[in-house]
Each structure stands twice: as C-alpha cells, then as structure tokens.
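**Q** If it helps, the file is called run04.cif and holds mmCIF, C-alpha atoms:
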data_input
loop_
_atom_site.label_atom_id
_atom_site.label_comp_id
_atom_site.auth_asym_id
_atom_site.auth_seq_id
_atom_site.Cartn_x
_atom_site.Cartn_y
_atom_site.Cartn_z
CA MET A 1 5.84 -25.15 -7.49
CA ILE A 2 5.43 -21.39 -7.92
CA ASP A 3 5.55 -19.16 -4.84
CA ILE A 4 3.18 -16.20 -4.74
CA ARG A 5 4.23 -13.53 -2.24
CA LEU A 6 1.63 -11.12 -0.88
CA PRO A 7 2.14 -7.60 0.50
CA THR A 8 1.19 -6.86 4.11
CA ALA A 9 -2.01 -5.11 2.98
CA LEU A 10 -3.41 -8.25 1.34
CA ARG A 11 -2.37 -11.05 3.68
CA ALA A 12 -5.45 -10.58 5.83
CA PHE A 13 -7.46 -11.87 2.84
CA ALA A 14 -5.34 -15.05 2.62
CA ASP A 15 -5.42 -16.37 6.17
CA LYS A 16 -2.48 -14.09 7.04
CA GLN A 17 -0.09 -16.02 4.78
CA GLU A 18 2.89 -14.22 3.28
CA LYS A 19 3.61 -16.89 0.72
CA ILE A 20 1.33 -19.32 -1.06
CA SER A 21 2.61 -22.10 -3.33
CA VAL A 22 0.72 -23.19 -6.43
CA ASP A 23 1.36 -25.40 -9.42
CA ALA A 24 0.80 -23.34 -12.58
CA LYS A 25 1.98 -22.68 -16.14
CA THR A 26 1.08 -18.98 -16.42
CA VAL A 27 0.66 -15.96 -14.15
CA GLY A 28 -3.11 -16.01 -14.77
CA ASP A 29 -3.32 -19.68 -13.92
CA ALA A 30 -1.36 -19.11 -10.70
CA LEU A 31 -3.60 -16.21 -9.69
CA ASN A 32 -6.73 -18.22 -10.42
CA GLN A 33 -5.49 -20.98 -8.14
CA LEU A 34 -4.78 -18.38 -5.48
CA PHE A 35 -8.28 -16.94 -5.86
CA SER A 36 -9.91 -20.36 -5.73
CA LYS A 37 -8.48 -20.71 -2.22
CA HIS A 38 -8.95 -17.07 -1.18
CA ASP A 39 -11.90 -15.47 -2.94
CA ARG A 40 -11.64 -12.15 -1.05
CA LEU A 41 -8.29 -11.60 -2.77
CA ARG A 42 -9.95 -11.79 -6.18
CA GLN A 43 -12.20 -8.88 -5.29
CA GLN A 44 -9.21 -6.81 -4.20
CA LEU A 45 -6.96 -7.56 -7.18
CA MET A 46 -9.26 -8.04 -10.17
CA SER A 47 -11.82 -5.72 -11.74
CA PRO A 48 -15.28 -7.12 -12.57
CA ASP A 49 -14.18 -7.56 -16.23
CA GLY A 50 -11.38 -9.92 -15.16
CA LYS A 51 -8.41 -7.56 -15.53
CA LEU A 52 -5.84 -6.69 -12.89
CA ARG A 53 -6.81 -3.50 -11.09
CA SER A 54 -4.71 -0.45 -11.98
CA PHE A 55 -2.94 -0.33 -8.62
CA VAL A 56 -1.76 -3.92 -8.78
CA ASN A 57 1.72 -4.78 -10.04
CA VAL A 58 2.66 -8.38 -10.65
CA TYR A 59 6.31 -9.33 -10.96
CA VAL A 60 7.67 -12.68 -12.07
CA ASN A 61 10.97 -12.83 -10.23
CA ASP A 62 12.20 -9.27 -11.00
CA ASP A 63 10.23 -8.63 -14.19
CA ASP A 64 6.95 -6.74 -14.43
CA ALA A 65 4.40 -9.11 -15.98
CA ARG A 66 2.89 -6.15 -17.89
CA ASP A 67 6.20 -5.83 -19.77
CA LYS A 68 6.00 -9.50 -20.74
CA GLN A 69 2.73 -11.20 -21.66
CA GLY A 70 0.57 -10.02 -18.77
CA LEU A 71 -1.57 -12.76 -17.28
CA SER A 72 -0.38 -15.10 -20.08
CA THR A 73 3.26 -14.80 -18.98
CA PRO A 74 4.63 -18.32 -18.56
CA VAL A 75 5.99 -19.41 -15.19
CA LYS A 76 8.07 -22.42 -14.28
CA ASP A 77 8.93 -24.42 -11.21
CA GLY A 78 10.93 -22.30 -8.77
CA ASP A 79 9.65 -18.92 -10.01
CA THR A 80 8.30 -16.35 -7.58
CA ILE A 81 5.29 -14.18 -8.37
CA LEU A 82 5.34 -10.98 -6.38
CA ILE A 83 2.17 -8.94 -5.94
CA VAL A 84 3.02 -5.34 -5.14
CA PRO A 85 0.53 -2.49 -4.87
CA ALA A 86 1.26 0.76 -6.69
CA ILE A 87 0.94 3.20 -3.84
CA ALA A 88 -0.13 6.53 -5.25
CA GLY A 89 -2.61 9.31 -4.74
CA GLY A 90 -2.80 13.03 -4.37
CA ILE A 91 -5.09 15.98 -4.53
CA MET B 1 -10.07 2.29 14.74
CA SER B 2 -6.88 4.23 15.34
CA LEU B 3 -3.37 5.06 14.25
CA ARG B 4 -0.95 5.28 17.17
CA ILE B 5 2.24 7.25 16.53
CA ASN B 6 4.86 8.92 18.69
CA ARG B 7 6.36 12.39 18.44
CA ALA B 8 9.46 11.19 16.59
CA ILE B 9 7.33 9.59 13.87
CA GLU B 10 5.19 12.69 13.57
CA ASP B 11 8.37 14.78 13.27
CA ILE B 12 9.70 12.59 10.44
CA ALA B 13 6.46 12.74 8.46
CA ARG B 14 5.99 16.48 9.05
CA GLU B 15 9.57 17.36 8.11
CA THR B 16 9.41 15.16 5.00
CA CYS B 17 6.23 16.82 3.81
CA GLN B 18 7.30 20.36 4.70
CA LYS B 19 10.60 19.85 2.90
CA ALA B 20 8.79 18.52 -0.18
CA PHE B 21 6.48 21.55 -0.37
CA PRO B 22 5.10 22.70 -2.82
CA GLU B 23 5.35 19.11 -4.01
CA GLU B 24 3.78 16.17 -2.23
CA GLY B 25 5.91 14.24 0.24
CA CYS B 26 5.34 10.58 1.02
CA GLY B 27 6.58 7.55 2.89
CA LEU B 28 5.86 4.23 4.54
CA LEU B 29 4.39 3.51 7.96
CA ILE B 30 5.79 0.33 9.49
CA GLY B 31 4.73 -1.57 12.57
CA PRO B 32 3.41 -4.85 13.96
CA ILE B 33 0.70 -6.43 11.81
CA PRO B 34 -2.38 -6.78 14.05
CA ALA B 35 -4.38 -10.01 14.00
CA ASP B 36 -7.50 -7.99 13.11
CA PHE B 37 -5.80 -5.92 10.39
CA ASP B 38 -8.75 -6.34 7.99
CA LEU B 39 -11.41 -5.34 10.48
CA PRO B 40 -12.81 -1.80 10.69
CA GLY B 41 -12.06 -1.47 14.41
CA ARG B 42 -8.39 -2.37 14.23
CA ALA B 43 -5.69 -0.30 15.96
CA LEU B 44 -2.28 0.23 14.37
CA GLU B 45 0.85 1.02 16.31
CA ILE B 46 3.50 2.57 14.08
CA ASP B 47 7.11 2.12 15.18
CA GLU B 48 8.83 3.49 12.08
CA ALA B 49 8.13 6.10 9.42
CA ARG B 50 10.31 5.74 6.36
CA PRO B 51 10.31 8.73 3.97
CA LEU B 52 10.63 7.90 0.27
CA PRO B 53 11.10 9.98 -2.86
CA ASN B 54 7.94 11.03 -4.67
CA GLY B 55 8.23 8.86 -7.78
CA TRP B 56 5.54 10.62 -9.80
CA ASP B 57 6.47 12.39 -13.03
CA ALA B 58 8.11 15.76 -12.32
CA SER B 59 5.32 17.72 -14.02
CA ALA B 60 2.66 16.67 -11.49
CA LYS B 61 4.43 16.22 -8.15
CA THR B 62 2.50 19.16 -6.70
CA ASN B 63 -0.71 17.14 -6.85
CA ARG B 64 0.36 13.50 -7.12
CA TYR B 65 2.63 11.09 -5.29
CA LEU B 66 3.88 7.64 -6.20
CA ILE B 67 5.87 5.13 -4.18
CA ASP B 68 8.16 3.05 -6.40
CA PRO B 69 6.76 -0.51 -6.23
CA LYS B 70 10.28 -1.94 -6.40
CA ILE B 71 11.27 -0.03 -3.25
CA LEU B 72 8.08 -1.20 -1.54
CA ALA B 73 8.84 -4.81 -2.56
CA LYS B 74 12.34 -4.49 -1.13
CA VAL B 75 11.03 -3.21 2.22
CA GLU B 76 8.41 -5.97 2.36
CA ALA B 77 11.17 -8.54 1.76
CA GLU B 78 13.28 -6.94 4.51
CA LEU B 79 10.37 -7.24 6.97
CA SER B 80 9.36 -10.75 5.91
CA GLY B 81 8.87 -13.13 8.81
CA THR B 82 9.31 -10.45 11.48
CA GLY B 83 5.64 -9.89 12.31
CA ARG B 84 6.09 -6.27 11.22
CA GLY B 85 5.01 -4.94 7.88
CA VAL B 86 4.12 -1.90 5.81
CA VAL B 87 0.78 -1.19 7.45
CA GLY B 88 0.24 2.32 6.17
CA PHE B 89 1.42 5.25 4.14
CA PHE B 90 1.70 8.98 4.63
CA HIS B 91 1.56 11.74 2.06
CA SER B 92 0.90 15.45 1.98
CA HIS B 93 -1.76 17.63 0.42
CA PRO B 94 -0.08 20.96 -0.34
CA GLN B 95 -2.50 23.87 0.19
CA VAL B 96 -5.43 21.42 0.38
CA PRO B 97 -7.25 19.88 3.38
CA ALA B 98 -6.22 16.44 4.66
CA TRP B 99 -9.25 14.71 3.21
CA PRO B 100 -8.73 11.91 0.69
CA SER B 101 -9.35 12.78 -2.95
CA PRO B 102 -11.23 10.57 -5.44
CA PHE B 103 -7.81 9.63 -6.85
CA ASP B 104 -6.63 8.62 -3.36
CA LEU B 105 -9.66 6.32 -3.17
CA THR B 106 -9.05 4.80 -6.61
CA MET B 107 -5.52 3.82 -5.64
CA ALA B 108 -6.00 2.85 -2.00
CA MET B 109 -5.34 -0.59 -0.59
CA PRO B 110 -7.58 -2.14 2.08
CA CYS B 111 -6.61 -2.45 5.76
CA CYS B 112 -3.81 0.14 5.65
CA SER B 113 -3.80 3.58 7.21
CA TYR B 114 -3.56 6.53 4.86
CA TRP B 115 -2.23 9.43 6.90
CA ILE B 116 -2.61 12.73 5.06
CA LEU B 117 -0.76 15.86 6.16
CA GLU B 118 -2.12 19.24 5.12
CA VAL B 119 0.77 21.61 4.36
CA ARG B 120 0.05 25.32 3.87
CA ASP B 121 2.83 27.61 2.70
CA GLY B 122 5.42 25.08 3.80
CA LYS B 123 4.00 24.37 7.28
CA MET B 124 1.91 21.41 8.37
CA VAL B 125 -1.37 22.75 9.77
CA ASP B 126 -3.46 19.61 10.12
CA SER B 127 -3.32 15.86 9.62
CA ARG B 128 -5.93 13.14 9.43
CA SER B 129 -5.77 9.40 8.94
CA TRP B 130 -8.10 7.21 6.92
CA GLN B 131 -8.83 3.55 6.25
CA ARG B 132 -10.41 2.39 3.00
CA THR B 133 -13.47 0.20 3.36
CA GLU B 134 -13.11 -3.39 2.11
CA ASP B 135 -15.53 -2.74 -0.77
CA GLY B 136 -13.33 0.14 -1.94
CA ARG B 137 -16.20 2.63 -2.05
CA SER B 138 -15.10 5.05 0.65
CA PHE B 139 -12.67 5.99 3.37
CA VAL B 140 -13.46 6.09 7.08
CA GLU B 141 -11.53 8.50 9.27
CA GLU B 142 -9.62 7.00 12.18
CA GLU B 143 -8.36 8.57 15.38
CA ILE B 144 -4.69 9.58 15.48
CA VAL B 145 -3.29 8.80 18.93
CA LEU B 146 -0.13 10.83 19.52
CA GLU B 147 2.12 9.55 22.30
CA GLY B 148 5.10 11.03 24.05
#
What do you get writing this file as structure tokens?

**A**
Amino acid sequence: MIDIRLPTALRAFADKQEKISVDAKTVGDALNQLFSKHDRLRQQLMSPDGKLRSFVNVYVNDDDARDKQGLSTPVKDGDTILIVPAIAGGI
Amino acid sequence: MSLRINRAIEDIARETCQKAFPEEGCGLLIGPIPADFDLPGRALEIDEARPLPNGWDASAKTNRYLIDPKILAKVEAELSGTGRGVVGFFHSHPQVPAWPSPFDLTMAMPCCSYWILEVRDGKMVDSRSWQRTEDGRSFVEEEIVLEG
C-alpha cells in the first residue's frame, strides 16, 4: 500500500484524516484513488484541465515528483506520497 | 470567524516582520485543529508563532515571500498525531496595507488564517487576518482577538 499524507489545511476535505492508504502504481493513480474517496480534495489540488495547481507540491518519499515524472512517477508498496502546499504570497 | 492570539505571539510576528523590513517577513501559526476548520465561522486559537526565513529569490523579497515546503513538511511531521497543526501563516506587507493581493489569493490554501502585518518604515502599523473561501475566489476578513 502507498500512504498519502495530507497537510493540516487539507485534512478537513478528507474526513480529518492525516494519512490515507491506497494501492497504486503511479502518483497520478494514487491521487485519483484519493479523489474518488474525497472529491472536495480534487477541487483544491487540481486545476480544471487536470494538472496539479501551482501551489501544490507532491513528494514521493523525499523527492519532488516534478523532478521525476510528475503524475506518471511510479510508486511501490511502502512509499509515502506527501502533499505539501507551497506557501507564498506578497504585495 | 476569528484568530485568537496572545501578546507574546503578536510580539514574535511583529518583531520578525519589522526585522525583515524592507523585505517581507513570514512564519507559521500553530495551534489546535478545530473540528470545524473548513467552515467559514471557525475560530482559531494560536499557541505558537514560528518565524521562518523568506525563501523567495533575493531579487524580489521586498514584495514576495515563500515558505520552504520541506521545512513545512518537517513541522507537519513533528505535529503529527498531536491534534495541533499548521493552521495559519503570517507575512508582512512592507509599505503596503494589510489587504491580501491577487498573488496572495492565487497561492492561498483553504481553511487557514492568513495574518498580514503592514510595516511602514520598519514599524508595524496595522494587521489584519483573512481566510480564503473554499472556492478560492476571495478572502474574507476575520476578527483578530488579542489576549493578555
């Protein structure tokens, strides 16, 4: 199983769970399984054209998925997918 | 809808942002995660403000801030299972009112408080706190309750 860990800001959209386990072969597959259970998360994390929103970072263990194969990055049993918002702003 | 802080937390945020001037200062707001965190009327009680370095590129730190996602992930892991979490963020607007910018809105997460401190010539003159609506289209101002 793959563990997906959610930041505090997003747990309210997943029945307050910190960690959700899914069975998946890629990051995209894992996220789709997550969204099938918690549709409000999809709206927060994905743009209407199906891409990750700019403020969303996805790590597989310690590696940024954008530096690998993005949503196609393979995952295996025991991996952890970490969703971390990019907190930024300014004038 | 409110953000409850005490004097010590206000001091930390103010000093962080005044020290960062003319650049933007920033940090995390930590506290118990309320059961109604995702609802517009929720009240947050902050028990810790944790200043962090502004991770934005040096050329634009006077009008941008960035919190390193790896630091945020580490803090979230530290708080895991405690019932506390990163429930908000503070940052400063040097020489500009404490109203969220379009860029603030683009980058904002739901539920959390975004506490903005207006710093003029190195001194904090105002602060306001905001919560992004779930649809991401706007911010709503929340009351800051200062205790102690």

**Q** Check what the PyMOL selection byres ((chain B) within 7 of (chain A)) selects in the file above and give those residues as a count of residues only.

**A** 22

**Q** What gap, in Å, lies between CA of Thr73 (chain A) and CA of Leu41 (chain A)?

**A**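 Answer for the CA of Thr73 (chain A) to CA of Leu41 (chain A) separation: 20.2 Å.
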
**Q** Within 9 Å of Ile30 (chain B), counting all atoms listed in the file, which residues qualify if same-chain residues fewer than 5 places away don't, as a list of chain:residue names?

**A**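 After dropping sequence-adjacent residues, the list is B:Glu45, B:Ile46, B:Asp47, B:Glu48, B:Ala49, B:Arg50, B:Arg84, B:Gly85, B:Val86, B:Val87, B:Gly88, B:Phe89.
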
**Q** Using the chain letters and numbers from the file, which residues does the PyMOL selection byres ((chain A and resi 77) around 10) grab, as a list in words?

**A**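 In the shown coordinates, the PyMOL selection byres ((chain A and resi 77) around 10) covers Met1, Ile2, Asp3, Val22, Asp23, Ala24, Lys25, Val75, Lys76, Gly78, Asp79 and Thr80 of chain A.
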
**Q** Quick check, in Å to one decimal: how far apart do CA of Ser127 (chain B) and CA of Glu23 (chain B) lie?

**A**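 So the two atoms, CA of Ser127 (chain B) and CA of Glu23 (chain B), lie 16.5 Å apart.
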
**Q** When you draw a straight line from CA of Thr26 (chain A) to CA of Ala14 (chain A), how long is it in Å?

**A** 20.5 Å

**Q** To verify the selection step, state as a PyMOL selection string which residues the PyMOL selection byres ((chain A and resi 72) around 12) yields on this input.

**A** chain A and resi 24-32+51+58+60+65-71+73-75

**Q** Take the point (6.4, 17.0, 5.4) in the file's coordinates, draw a sphere of radius 8 Å around it, and report as an NGL selection string every protein, DNA or RNA residue with an atom inside or on it, counting only C-alpha atoms.

**A** :B and (12-21 or 25-26 or 91-92 or 117 or 119 or 123-124)
